[in-house]
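input-v1.cif (mmCIF, C-alpha atoms and all ligand atoms)
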data_model
#
loop_
_atom_site.label_atom_id
_atom_site.label_comp_id
_atom_site.auth_asym_id
_atom_site.auth_seq_id
_atom_site.Cartn_x
_atom_site.Cartn_y
_atom_site.Cartn_z
CA MET L 1 -55.96 24.11 24.99
CA LEU L 2 -58.39 23.87 22.13
CA THR L 3 -57.25 22.49 18.76
CA LEU L 4 -59.09 23.65 15.65
CA GLN L 5 -58.60 22.68 12.02
CA GLY L 6 -61.11 24.91 10.24
CA ILE L 7 -60.64 28.52 9.14
CA ASN L 8 -64.22 29.49 10.03
CA GLU L 9 -64.01 27.82 13.44
CA VAL L 10 -60.90 29.85 14.29
CA ARG L 11 -62.56 33.07 13.14
CA ASP L 12 -65.57 32.32 15.34
CA TYR L 13 -63.39 31.49 18.34
CA VAL L 14 -61.29 34.69 18.26
CA LYS L 15 -64.28 36.96 17.54
CA HIS L 16 -65.12 37.16 21.23
CA TRP L 17 -61.61 38.37 22.13
CA ARG L 18 -61.74 41.03 19.45
CA ILE L 19 -65.19 42.32 20.37
CA THR L 20 -64.28 42.53 24.05
CA GLY L 21 -60.94 44.25 23.31
CA GLN L 22 -58.69 41.44 24.59
CA ARG L 23 -55.25 41.35 22.96
CA PHE L 24 -54.19 38.11 21.36
CA ALA L 25 -50.98 36.90 19.77
CA LEU L 26 -50.18 34.52 16.92
CA VAL L 27 -47.07 32.32 16.78
CA PRO L 28 -46.87 30.64 13.36
CA THR L 29 -44.82 27.39 13.24
CA MET L 30 -44.32 24.28 11.16
CA GLY L 31 -44.42 22.09 14.29
CA ASN L 32 -41.73 19.71 15.58
CA LEU L 33 -41.54 22.16 18.44
CA HIS L 34 -38.38 22.85 20.42
CA ALA L 35 -37.29 25.39 23.03
CA GLY L 36 -36.91 28.08 20.32
CA HIS L 37 -40.59 27.85 19.42
CA LEU L 38 -41.59 27.76 23.08
CA ARG L 39 -39.60 30.95 23.73
CA LEU L 40 -41.83 32.63 21.12
CA VAL L 41 -44.89 31.52 23.09
CA GLU L 42 -43.32 32.81 26.32
CA TYR L 43 -42.73 36.22 24.71
CA ALA L 44 -46.24 36.18 23.26
CA ARG L 45 -47.72 35.88 26.73
CA GLU L 46 -45.98 39.12 27.69
CA PHE L 47 -47.48 40.97 24.75
CA ALA L 48 -51.03 39.60 24.80
CA GLU L 49 -53.68 38.04 27.00
CA HIS L 50 -54.23 35.02 24.75
CA VAL L 51 -51.85 33.02 22.56
CA VAL L 52 -52.73 31.22 19.34
CA VAL L 53 -50.10 28.90 17.83
CA SER L 54 -50.43 27.55 14.32
CA ILE L 55 -48.82 24.34 13.10
CA PHE L 56 -48.79 24.02 9.33
CA VAL L 57 -46.06 22.53 7.16
CA ASN L 58 -46.52 24.84 4.22
CA PRO L 59 -45.92 23.10 0.88
CA LEU L 60 -45.75 26.44 -0.93
CA GLN L 61 -42.45 27.43 0.68
CA PHE L 62 -40.58 24.21 -0.16
CA GLY L 63 -38.75 23.80 -3.46
CA PRO L 64 -39.35 20.67 -5.58
CA ASN L 65 -36.14 19.04 -4.31
CA GLU L 66 -36.53 20.14 -0.71
CA ASP L 67 -37.65 18.24 2.37
CA PHE L 68 -41.44 18.84 2.44
CA LYS L 69 -42.25 15.10 2.53
CA ASN L 70 -39.62 14.27 5.16
CA TYR L 71 -40.04 17.36 7.31
CA PRO L 72 -40.38 16.05 10.90
CA ARG L 73 -44.02 15.91 12.01
CA THR L 74 -44.56 15.27 15.74
CA PHE L 75 -48.09 16.51 16.33
CA GLU L 76 -48.96 14.74 19.59
CA ALA L 77 -45.66 15.70 21.28
CA ASP L 78 -46.12 19.30 20.02
CA LYS L 79 -49.58 19.46 21.60
CA THR L 80 -48.24 18.34 24.97
CA LYS L 81 -45.55 21.05 24.87
CA LEU L 82 -48.05 23.73 23.89
CA ILE L 83 -50.42 22.79 26.72
CA SER L 84 -47.68 23.36 29.30
CA SER L 85 -46.60 26.59 27.57
CA GLY L 86 -49.92 28.31 28.22
CA THR L 87 -51.12 28.30 24.59
CA GLU L 88 -54.88 28.68 24.49
CA LEU L 89 -55.69 27.83 20.89
CA LEU L 90 -53.84 25.60 18.42
CA PHE L 91 -54.74 26.08 14.76
CA ALA L 92 -53.65 23.00 12.81
CA PRO L 93 -55.28 23.09 9.38
CA SER L 94 -54.84 20.54 6.60
CA VAL L 95 -53.23 21.53 3.29
CA ASP L 96 -56.69 21.35 1.64
CA GLU L 97 -58.21 23.64 4.26
CA ILE L 98 -55.57 26.29 3.50
CA TYR L 99 -55.17 25.95 -0.25
CA ALA L 100 -58.42 24.23 -1.34
CA SER L 101 -57.76 22.40 -4.57
CA ASP L 102 -55.73 24.75 -6.74
CA ARG L 103 -52.43 25.39 -4.99
CA GLU L 104 -50.46 25.92 -8.21
CA ARG L 105 -52.53 28.94 -9.25
CA ILE L 106 -53.05 30.56 -5.88
CA THR L 107 -52.46 34.33 -5.50
CA ARG L 108 -49.01 34.85 -4.03
CA VAL L 109 -47.57 37.62 -1.90
CA ASP L 110 -44.23 38.74 -3.27
CA VAL L 111 -41.88 41.09 -1.45
CA PRO L 112 -39.50 42.01 -4.25
CA GLU L 113 -35.74 42.45 -3.77
CA LEU L 114 -35.69 41.33 -0.12
CA SER L 115 -36.98 37.93 -1.27
CA ALA L 116 -34.51 37.58 -4.12
CA ILE L 117 -31.25 37.96 -2.19
CA LEU L 118 -29.32 35.68 0.23
CA ASP L 119 -31.52 32.64 0.97
CA GLY L 120 -33.89 33.71 -1.81
CA LYS L 121 -31.14 33.15 -4.37
CA PHE L 122 -30.68 29.56 -3.25
CA ARG L 123 -34.36 28.83 -2.58
CA PRO L 124 -36.33 30.40 -5.45
CA GLY L 125 -40.00 30.89 -4.50
CA HIS L 126 -39.36 30.18 -0.82
CA PHE L 127 -40.09 33.67 0.49
CA ALA L 128 -43.17 34.13 -1.71
CA GLY L 129 -44.52 30.84 -0.33
CA MET L 130 -43.74 31.91 3.23
CA ALA L 131 -45.15 35.44 2.74
CA THR L 132 -48.34 33.97 1.27
CA ILE L 133 -49.03 31.63 4.20
CA VAL L 134 -48.15 34.29 6.79
CA THR L 135 -50.52 36.76 5.09
CA LYS L 136 -53.26 34.12 5.04
CA LEU L 137 -52.69 33.33 8.73
CA PHE L 138 -52.88 37.04 9.57
CA ASN L 139 -56.17 37.28 7.66
CA ILE L 140 -57.60 34.18 9.31
CA VAL L 141 -56.57 34.86 12.92
CA GLN L 142 -56.30 38.69 12.80
CA PRO L 143 -53.98 38.85 15.81
CA ASP L 144 -52.89 42.07 17.52
CA VAL L 145 -49.32 40.86 17.62
CA ALA L 146 -47.31 38.10 15.91
CA LEU L 147 -43.95 36.69 16.96
CA PHE L 148 -41.13 35.39 14.78
CA GLY L 149 -37.62 34.17 15.54
CA GLU L 150 -34.54 36.21 14.67
CA LYS L 151 -32.99 32.87 13.75
CA ASP L 152 -34.78 33.26 10.40
CA TYR L 153 -33.55 36.83 10.08
CA GLN L 154 -34.34 37.39 6.42
CA GLN L 155 -37.82 35.92 6.94
CA LEU L 156 -38.42 38.42 9.76
CA GLN L 157 -37.38 41.33 7.51
CA VAL L 158 -39.63 40.09 4.68
CA ILE L 159 -42.57 39.88 7.10
CA ARG L 160 -41.93 43.36 8.52
CA ARG L 161 -41.90 44.71 4.99
CA LEU L 162 -45.06 42.93 3.82
CA VAL L 163 -47.00 44.08 6.90
CA ALA L 164 -45.93 47.68 6.26
CA ASP L 165 -46.54 47.54 2.49
CA LEU L 166 -49.97 45.87 2.76
CA SER L 167 -51.04 47.91 5.83
CA ILE L 168 -51.81 44.79 7.85
CA PRO L 169 -52.76 45.87 11.39
CA VAL L 170 -50.46 43.56 13.34
CA GLU L 171 -47.42 44.30 15.47
CA ILE L 172 -44.41 42.16 14.58
CA ILE L 173 -42.02 41.13 17.37
CA GLY L 174 -38.65 39.49 16.68
CA VAL L 175 -37.41 37.05 19.33
CA PRO L 176 -33.68 36.34 19.88
CA THR L 177 -32.35 32.97 18.73
CA VAL L 178 -32.41 30.14 21.26
CA ARG L 179 -29.23 28.04 21.09
CA GLU L 180 -28.01 24.70 22.32
CA ALA L 181 -25.32 24.88 25.06
CA ASP L 182 -22.57 24.65 22.41
CA GLY L 183 -23.93 27.57 20.38
CA LEU L 184 -25.83 25.73 17.62
CA ALA L 185 -29.09 27.52 16.83
CA MET L 186 -32.01 25.20 17.64
CA SER L 187 -33.78 24.00 14.51
CA SER L 188 -36.07 21.16 13.50
CA ARG L 189 -33.59 20.38 10.74
CA ASN L 190 -30.74 19.69 13.21
CA GLN L 191 -32.09 16.18 13.54
CA TYR L 192 -30.96 15.44 9.96
CA LEU L 193 -27.36 15.59 11.31
CA THR L 194 -25.36 12.44 12.12
CA ALA L 195 -23.53 12.40 15.47
CA ALA L 196 -20.26 13.45 13.79
CA GLU L 197 -21.98 16.28 11.90
CA ARG L 198 -23.75 17.42 15.06
CA ALA L 199 -20.36 17.79 16.74
CA LEU L 200 -19.18 20.04 13.88
CA ALA L 201 -22.39 22.06 13.50
CA PRO L 202 -21.68 24.73 16.20
CA GLN L 203 -18.74 25.88 14.06
CA LEU L 204 -21.22 27.80 11.94
CA PHE L 205 -22.12 29.98 14.92
CA HIS L 206 -18.52 30.22 16.13
CA THR L 207 -17.31 31.32 12.68
CA LEU L 208 -19.99 34.03 12.55
CA ASP L 209 -19.15 35.05 16.09
CA GLU L 210 -15.46 35.51 15.20
CA LEU L 211 -16.44 37.53 12.16
CA ALA L 212 -18.75 39.66 14.32
CA GLN L 213 -15.86 40.35 16.72
CA GLU L 214 -13.72 41.58 13.82
CA LEU L 215 -16.52 43.94 12.76
CA SER L 216 -16.97 45.20 16.32
CA ASN L 217 -13.27 45.98 16.38
CA GLY L 218 -13.73 48.22 13.36
CA ARG L 219 -12.72 46.08 10.39
CA CYS L 220 -14.64 46.99 7.27
CA ASP L 221 -13.03 44.91 4.52
CA PHE L 222 -16.35 43.14 4.23
CA GLN L 223 -15.73 40.98 1.18
CA ARG L 224 -12.48 39.69 2.57
CA LEU L 225 -14.11 38.84 5.91
CA GLU L 226 -16.91 37.02 4.07
CA SER L 227 -14.55 34.95 1.95
CA GLU L 228 -12.35 34.09 4.95
CA ALA L 229 -15.43 32.76 6.74
CA VAL L 230 -16.54 30.78 3.67
CA ARG L 231 -13.08 29.26 3.44
CA LYS L 232 -13.07 28.36 7.14
CA LEU L 233 -16.47 26.63 6.89
CA SER L 234 -15.39 24.73 3.76
CA THR L 235 -12.17 23.59 5.43
CA ILE L 236 -14.05 21.98 8.31
CA GLY L 237 -16.36 20.10 5.94
CA MET L 238 -19.41 22.35 5.47
CA ARG L 239 -20.68 23.47 2.06
CA PRO L 240 -21.51 27.14 2.55
CA ASP L 241 -24.14 28.74 0.29
CA TYR L 242 -23.10 32.18 1.51
CA VAL L 243 -21.70 34.25 4.35
CA ALA L 244 -22.87 37.85 4.04
CA ILE L 245 -22.38 41.05 6.02
CA ARG L 246 -25.41 43.28 5.54
CA GLU L 247 -27.05 46.42 6.86
CA ALA L 248 -29.37 45.05 9.55
CA SER L 249 -32.78 46.36 8.44
CA SER L 250 -32.53 46.69 4.65
CA LEU L 251 -30.17 43.70 4.15
CA THR L 252 -28.32 45.79 1.57
CA ALA L 253 -24.51 45.83 1.35
CA PRO L 254 -23.10 48.08 4.07
CA ASP L 255 -20.73 50.98 3.58
CA ASN L 256 -17.88 51.93 5.88
CA ALA L 257 -20.14 54.15 8.00
CA SER L 258 -22.81 51.47 8.66
CA ASN L 259 -22.81 50.43 12.28
CA ASN L 260 -25.99 48.40 12.52
CA LEU L 261 -24.96 45.18 10.83
CA VAL L 262 -25.99 41.56 10.62
CA VAL L 263 -23.83 38.65 9.54
CA LEU L 264 -25.87 35.91 7.90
CA ALA L 265 -24.89 32.48 6.66
CA ALA L 266 -26.30 29.28 5.23
CA ALA L 267 -24.25 26.11 4.94
CA TRP L 268 -24.94 22.49 4.16
CA LEU L 269 -23.66 19.87 6.54
CA GLY L 270 -24.56 16.40 5.30
CA LYS L 271 -28.30 16.44 4.59
CA ALA L 272 -29.01 19.50 6.73
CA ARG L 273 -28.98 23.06 5.49
CA LEU L 274 -28.10 25.17 8.54
CA ILE L 275 -28.77 28.90 8.74
CA ASP L 276 -27.66 31.35 11.39
CA ASN L 277 -26.96 35.03 11.91
CA ILE L 278 -25.52 37.48 14.42
CA HIS L 279 -26.42 41.11 14.91
CA VAL L 280 -23.44 43.46 15.29
CA HIS L 281 -23.27 47.02 16.52
CA ALA L 282 -19.93 47.94 14.99
CA LYS L 283 -17.71 50.84 15.99
CA ARG L 284 -17.21 53.08 12.98
CA ALA L 285 -15.31 56.25 12.35
CA GLN L 286 -17.66 59.23 12.05
CA VAL L 287 -18.02 60.22 8.42
CA THR L 288 -18.31 64.01 8.06
P1 LIG I 1 -40.46 26.94 11.97
O1 LIG I 1 -41.33 25.96 12.70
O2 LIG I 1 -39.06 26.46 11.75
O3 LIG I 1 -41.11 27.53 10.75
O4 LIG I 1 -40.28 28.16 12.97
C1 LIG I 1 -41.40 28.82 13.51
C2 LIG I 1 -40.94 30.07 14.21
O5 LIG I 1 -40.01 29.72 15.23
C3 LIG I 1 -40.20 31.04 13.26
O6 LIG I 1 -40.58 32.37 13.59
C4 LIG I 1 -38.75 30.77 13.58
O7 LIG I 1 -37.91 31.89 13.32
C5 LIG I 1 -38.84 30.49 15.08
N1 LIG I 1 -37.66 29.73 15.52
C6 LIG I 1 -37.19 28.58 15.00
N2 LIG I 1 -36.05 28.21 15.62
C7 LIG I 1 -35.80 29.16 16.56
C8 LIG I 1 -34.76 29.36 17.53
N3 LIG I 1 -33.76 28.52 17.65
N4 LIG I 1 -34.84 30.45 18.32
C9 LIG I 1 -35.87 31.34 18.20
N5 LIG I 1 -36.87 31.21 17.31
C10 LIG I 1 -36.83 30.14 16.50
#

Please, can you express the file's structure as structure tokens?
Amino acid sequence: MLTLQGINEVRDYVKHWRITGQRFALVPTMGNLHAGHLRLVEYAREFAEHVVVSIFVNPLQFGPNEDFKNYPRTFEADKTKLISSGTELLFAPSVDEIYASDRERITRVDVPELSAILDGKFRPGHFAGMATIVTKLFNIVQPDVALFGEKDYQQLQVIRRLVADLSIPVEIIGVPTVREADGLAMSSRNQYLTAAERALAPQLFHTLDELAQELSNGRCDFQRLESEAVRKLSTIGMRPDYVAIREASSLTAPDNASNNLVVLAAAWLGKARLIDNIHVHAKRAQVT
């Protein structure tokens, strides 16, 4: 596996694949790699002949009081994992390489509405920061296909929208969430949990799963289901930001006839902000 830090070096390296018509995939990450990230690489190998992974902890998507400085950075261990995953090129630029000197005034990519709801309400500027780096990575690497985890469901919808709106020629693939044996979605931020918090953390998934069962059985008193779940999470010691039942592709509020739903949640547990979601194909009465 080759590791490159420079934008121009990456462009030169992938040029040969493009000219000779070989498909290549991009898997953007912030490093501290776990089995969820490696599943993305596995999928990528099915969709393309070559896999490029990027590791970049993007300052633009962290709020001023968020964990940019403390975000876990484990570069050497990440490299070892990527080598055994079949990754061919690792792009690991510095902050200066990506943003030069004037990060505050950089052009930003904004996907309105989708970026302002749910997590966007609690993390102002987060999705614009994420959309900006993803757009830059697409322009630098110019992959045929890019893979993102469904764990960050709203992020995936924002990316699908920006690629469509800006006519970026890349296919976006969503990859199902990889979980620990007890149901907790794998995340770099899980390591902020104490042992006692870690034991509680799977309750986020289990609460969403129960809610999803209710929806599958035909319940459509959405607000009541949401507030019951919020109450349940609060009772066990989490501090939920939201639990929301939404239409799966637009993330708008569903009506009684919607049957393609997603239940999303974010909740604080100690120093960790956990997010999770479950897709639900609900049975609904036919509306005529
Ligand atoms: P991150 O390094 O957290 O920015 O994540 C990089 C990519 O890995 C994103 O597309 C995430 O959605 C994806 N990802 C993170 N955790 C998981 C997981 N548990 N299962 C599947 N994909 C994941």

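Nearest residue to ligand LIG 1 (chain I), choosing from L:Lys81, L:Arg108, L:Lys136, L:Arg189 and counting all atoms listed in the file: L:Arg189.
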
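Restricting the calculation to only C-alpha atoms, the smallest distance between L:Ala92 and any of L:Ala48, L:Met30, L:Leu233, L:Ala146 is found for L:Met30.
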
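Among the candidate residues L:Phe91, L:Arg39, L:Pro64, L:Gly270, the one lying nearest to L:Val52 is L:Phe91, with distances computed using only C-alpha atoms.
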
In the coordinate frame of the file, compute which residues have an atom within 12 Å of (-22.0, 33.5, 4.7) when using only C-alpha atoms, and state them as a PyMOL selection string. chain L and resi 118-119+204-205+207-209+211-212+222-234+238-246+262-268+274-278

Record the distance separating atom CA of L:Asp152 and atom CA of L:Glu97, expressed in Å with one decimal. 26.1 Å

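Residue nearest L:Pro93 within the list L:Pro254, L:Gly183, L:Gly6, L:Gly120: L:Gly6 [criterion: smallest interatomic distance, only C-alpha atoms].
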
Saving stretch 221-250 of chain L with N, CA and C atoms, as a PDB file, in the first residue's frame, what would that file be?
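Result written to part-v8.pdb:
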ATOM      1  N   ASP L 221     -48.624   6.656  15.484  1.00  0.00           N
ATOM      2  CA  ASP L 221     -48.640   7.826  16.374  1.00  0.00           C
ATOM      3  C   ASP L 221     -47.186   8.223  16.631  1.00  0.00           C
ATOM      4  N   PHE L 222     -46.607   8.830  15.576  1.00  0.00           N
ATOM      5  CA  PHE L 222     -45.153   9.026  15.545  1.00  0.00           C
ATOM      6  C   PHE L 222     -44.624   9.848  16.727  1.00  0.00           C
ATOM      7  N   GLN L 223     -45.310  10.963  17.011  1.00  0.00           N
ATOM      8  CA  GLN L 223     -44.771  11.836  18.064  1.00  0.00           C
ATOM      9  C   GLN L 223     -44.772  11.140  19.412  1.00  0.00           C
ATOM     10  N   ARG L 224     -45.810  10.362  19.646  1.00  0.00           N
ATOM     11  CA  ARG L 224     -45.893   9.641  20.904  1.00  0.00           C
ATOM     12  C   ARG L 224     -44.773   8.581  21.008  1.00  0.00           C
ATOM     13  N   LEU L 225     -44.555   7.879  19.904  1.00  0.00           N
ATOM     14  CA  LEU L 225     -43.478   6.878  19.890  1.00  0.00           C
ATOM     15  C   LEU L 225     -42.122   7.544  20.142  1.00  0.00           C
ATOM     16  N   GLU L 226     -41.925   8.721  19.516  1.00  0.00           N
ATOM     17  CA  GLU L 226     -40.648   9.437  19.709  1.00  0.00           C
ATOM     18  C   GLU L 226     -40.478   9.838  21.173  1.00  0.00           C
ATOM     19  N   SER L 227     -41.542  10.403  21.756  1.00  0.00           N
ATOM     20  CA  SER L 227     -41.351  10.877  23.132  1.00  0.00           C
ATOM     21  C   SER L 227     -41.248   9.719  24.129  1.00  0.00           C
ATOM     22  N   GLU L 228     -41.896   8.595  23.835  1.00  0.00           N
ATOM     23  CA  GLU L 228     -41.697   7.413  24.701  1.00  0.00           C
ATOM     24  C   GLU L 228     -40.231   6.968  24.667  1.00  0.00           C
ATOM     25  N   ALA L 229     -39.651   6.974  23.478  1.00  0.00           N
ATOM     26  CA  ALA L 229     -38.248   6.537  23.353  1.00  0.00           C
ATOM     27  C   ALA L 229     -37.310   7.520  24.059  1.00  0.00           C
ATOM     28  N   VAL L 230     -37.588   8.819  23.916  1.00  0.00           N
ATOM     29  CA  VAL L 230     -36.760   9.829  24.600  1.00  0.00           C
ATOM     30  C   VAL L 230     -36.829   9.605  26.106  1.00  0.00           C
ATOM     31  N   ARG L 231     -38.054   9.350  26.592  1.00  0.00           N
ATOM     32  CA  ARG L 231     -38.223   9.137  28.031  1.00  0.00           C
ATOM     33  C   ARG L 231     -37.444   7.899  28.487  1.00  0.00           C
ATOM     34  N   LYS L 232     -37.532   6.830  27.716  1.00  0.00           N
ATOM     35  CA  LYS L 232     -36.841   5.588  28.067  1.00  0.00           C
ATOM     36  C   LYS L 232     -35.321   5.815  28.154  1.00  0.00           C
ATOM     37  N   LEU L 233     -34.791   6.535  27.159  1.00  0.00           N
ATOM     38  CA  LEU L 233     -33.335   6.778  27.152  1.00  0.00           C
ATOM     39  C   LEU L 233     -32.929   7.657  28.338  1.00  0.00           C
ATOM     40  N   SER L 234     -33.763   8.648  28.659  1.00  0.00           N
ATOM     41  CA  SER L 234     -33.452   9.531  29.791  1.00  0.00           C
ATOM     42  C   SER L 234     -33.488   8.741  31.091  1.00  0.00           C
ATOM     43  N   THR L 235     -34.453   7.853  31.211  1.00  0.00           N
ATOM     44  CA  THR L 235     -34.605   7.075  32.449  1.00  0.00           C
ATOM     45  C   THR L 235     -33.373   6.228  32.730  1.00  0.00           C
ATOM     46  N   ILE L 236     -32.762   5.685  31.656  1.00  0.00           N
ATOM     47  CA  ILE L 236     -31.589   4.835  31.913  1.00  0.00           C
ATOM     48  C   ILE L 236     -30.298   5.645  32.044  1.00  0.00           C
ATOM     49  N   GLY L 237     -30.370   6.964  31.908  1.00  0.00           N
ATOM     50  CA  GLY L 237     -29.180   7.773  32.181  1.00  0.00           C
ATOM     51  C   GLY L 237     -28.538   8.409  30.962  1.00  0.00           C
ATOM     52  N   MET L 238     -29.197   8.302  29.790  1.00  0.00           N
ATOM     53  CA  MET L 238     -28.656   9.005  28.608  1.00  0.00           C
ATOM     54  C   MET L 238     -29.274  10.394  28.536  1.00  0.00           C
ATOM     55  N   ARG L 239     -28.658  11.272  27.758  1.00  0.00           N
ATOM     56  CA  ARG L 239     -29.227  12.610  27.538  1.00  0.00           C
ATOM     57  C   ARG L 239     -29.516  12.747  26.040  1.00  0.00           C
ATOM     58  N   PRO L 240     -30.734  12.312  25.651  1.00  0.00           N
ATOM     59  CA  PRO L 240     -31.025  12.299  24.208  1.00  0.00           C
ATOM     60  C   PRO L 240     -31.132  13.707  23.618  1.00  0.00           C
ATOM     61  N   ASP L 241     -30.502  13.920  22.461  1.00  0.00           N
ATOM     62  CA  ASP L 241     -30.728  15.158  21.695  1.00  0.00           C
ATOM     63  C   ASP L 241     -32.039  15.028  20.927  1.00  0.00           C
ATOM     64  N   TYR L 242     -32.273  13.872  20.341  1.00  0.00           N
ATOM     65  CA  TYR L 242     -33.539  13.648  19.635  1.00  0.00           C
ATOM     66  C   TYR L 242     -33.712  12.158  19.350  1.00  0.00           C
ATOM     67  N   VAL L 243     -34.975  11.773  19.199  1.00  0.00           N
ATOM     68  CA  VAL L 243     -35.334  10.502  18.550  1.00  0.00           C
ATOM     69  C   VAL L 243     -36.356  10.919  17.505  1.00  0.00           C
ATOM     70  N   ALA L 244     -36.148  10.545  16.257  1.00  0.00           N
ATOM     71  CA  ALA L 244     -37.021  11.050  15.188  1.00  0.00           C
ATOM     72  C   ALA L 244     -37.371   9.941  14.201  1.00  0.00           C
ATOM     73  N   ILE L 245     -38.643   9.893  13.860  1.00  0.00           N
ATOM     74  CA  ILE L 245     -39.116   8.962  12.820  1.00  0.00           C
ATOM     75  C   ILE L 245     -39.265   9.790  11.544  1.00  0.00           C
ATOM     76  N   ARG L 246     -38.583   9.398  10.492  1.00  0.00           N
ATOM     77  CA  ARG L 246     -38.594  10.196   9.270  1.00  0.00           C
ATOM     78  C   ARG L 246     -38.798   9.316   8.038  1.00  0.00           C
ATOM     79  N   GLU L 247     -39.211   9.975   6.962  1.00  0.00           N
ATOM     80  CA  GLU L 247     -39.292   9.314   5.667  1.00  0.00           C
ATOM     81  C   GLU L 247     -37.828   9.045   5.240  1.00  0.00           C
ATOM     82  N   ALA L 248     -37.560   7.815   4.762  1.00  0.00           N
ATOM     83  CA  ALA L 248     -36.163   7.373   4.685  1.00  0.00           C
ATOM     84  C   ALA L 248     -35.274   8.151   3.705  1.00  0.00           C
ATOM     85  N   SER L 249     -35.824   8.665   2.587  1.00  0.00           N
ATOM     86  CA  SER L 249     -34.884   9.335   1.680  1.00  0.00           C
ATOM     87  C   SER L 249     -34.886  10.846   1.841  1.00  0.00           C
ATOM     88  N   SER L 250     -36.036  11.443   2.142  1.00  0.00           N
ATOM     89  CA  SER L 250     -36.070  12.912   2.252  1.00  0.00           C
ATOM     90  C   SER L 250     -35.781  13.392   3.674  1.00  0.00           C
TER      91      SER L 250
END
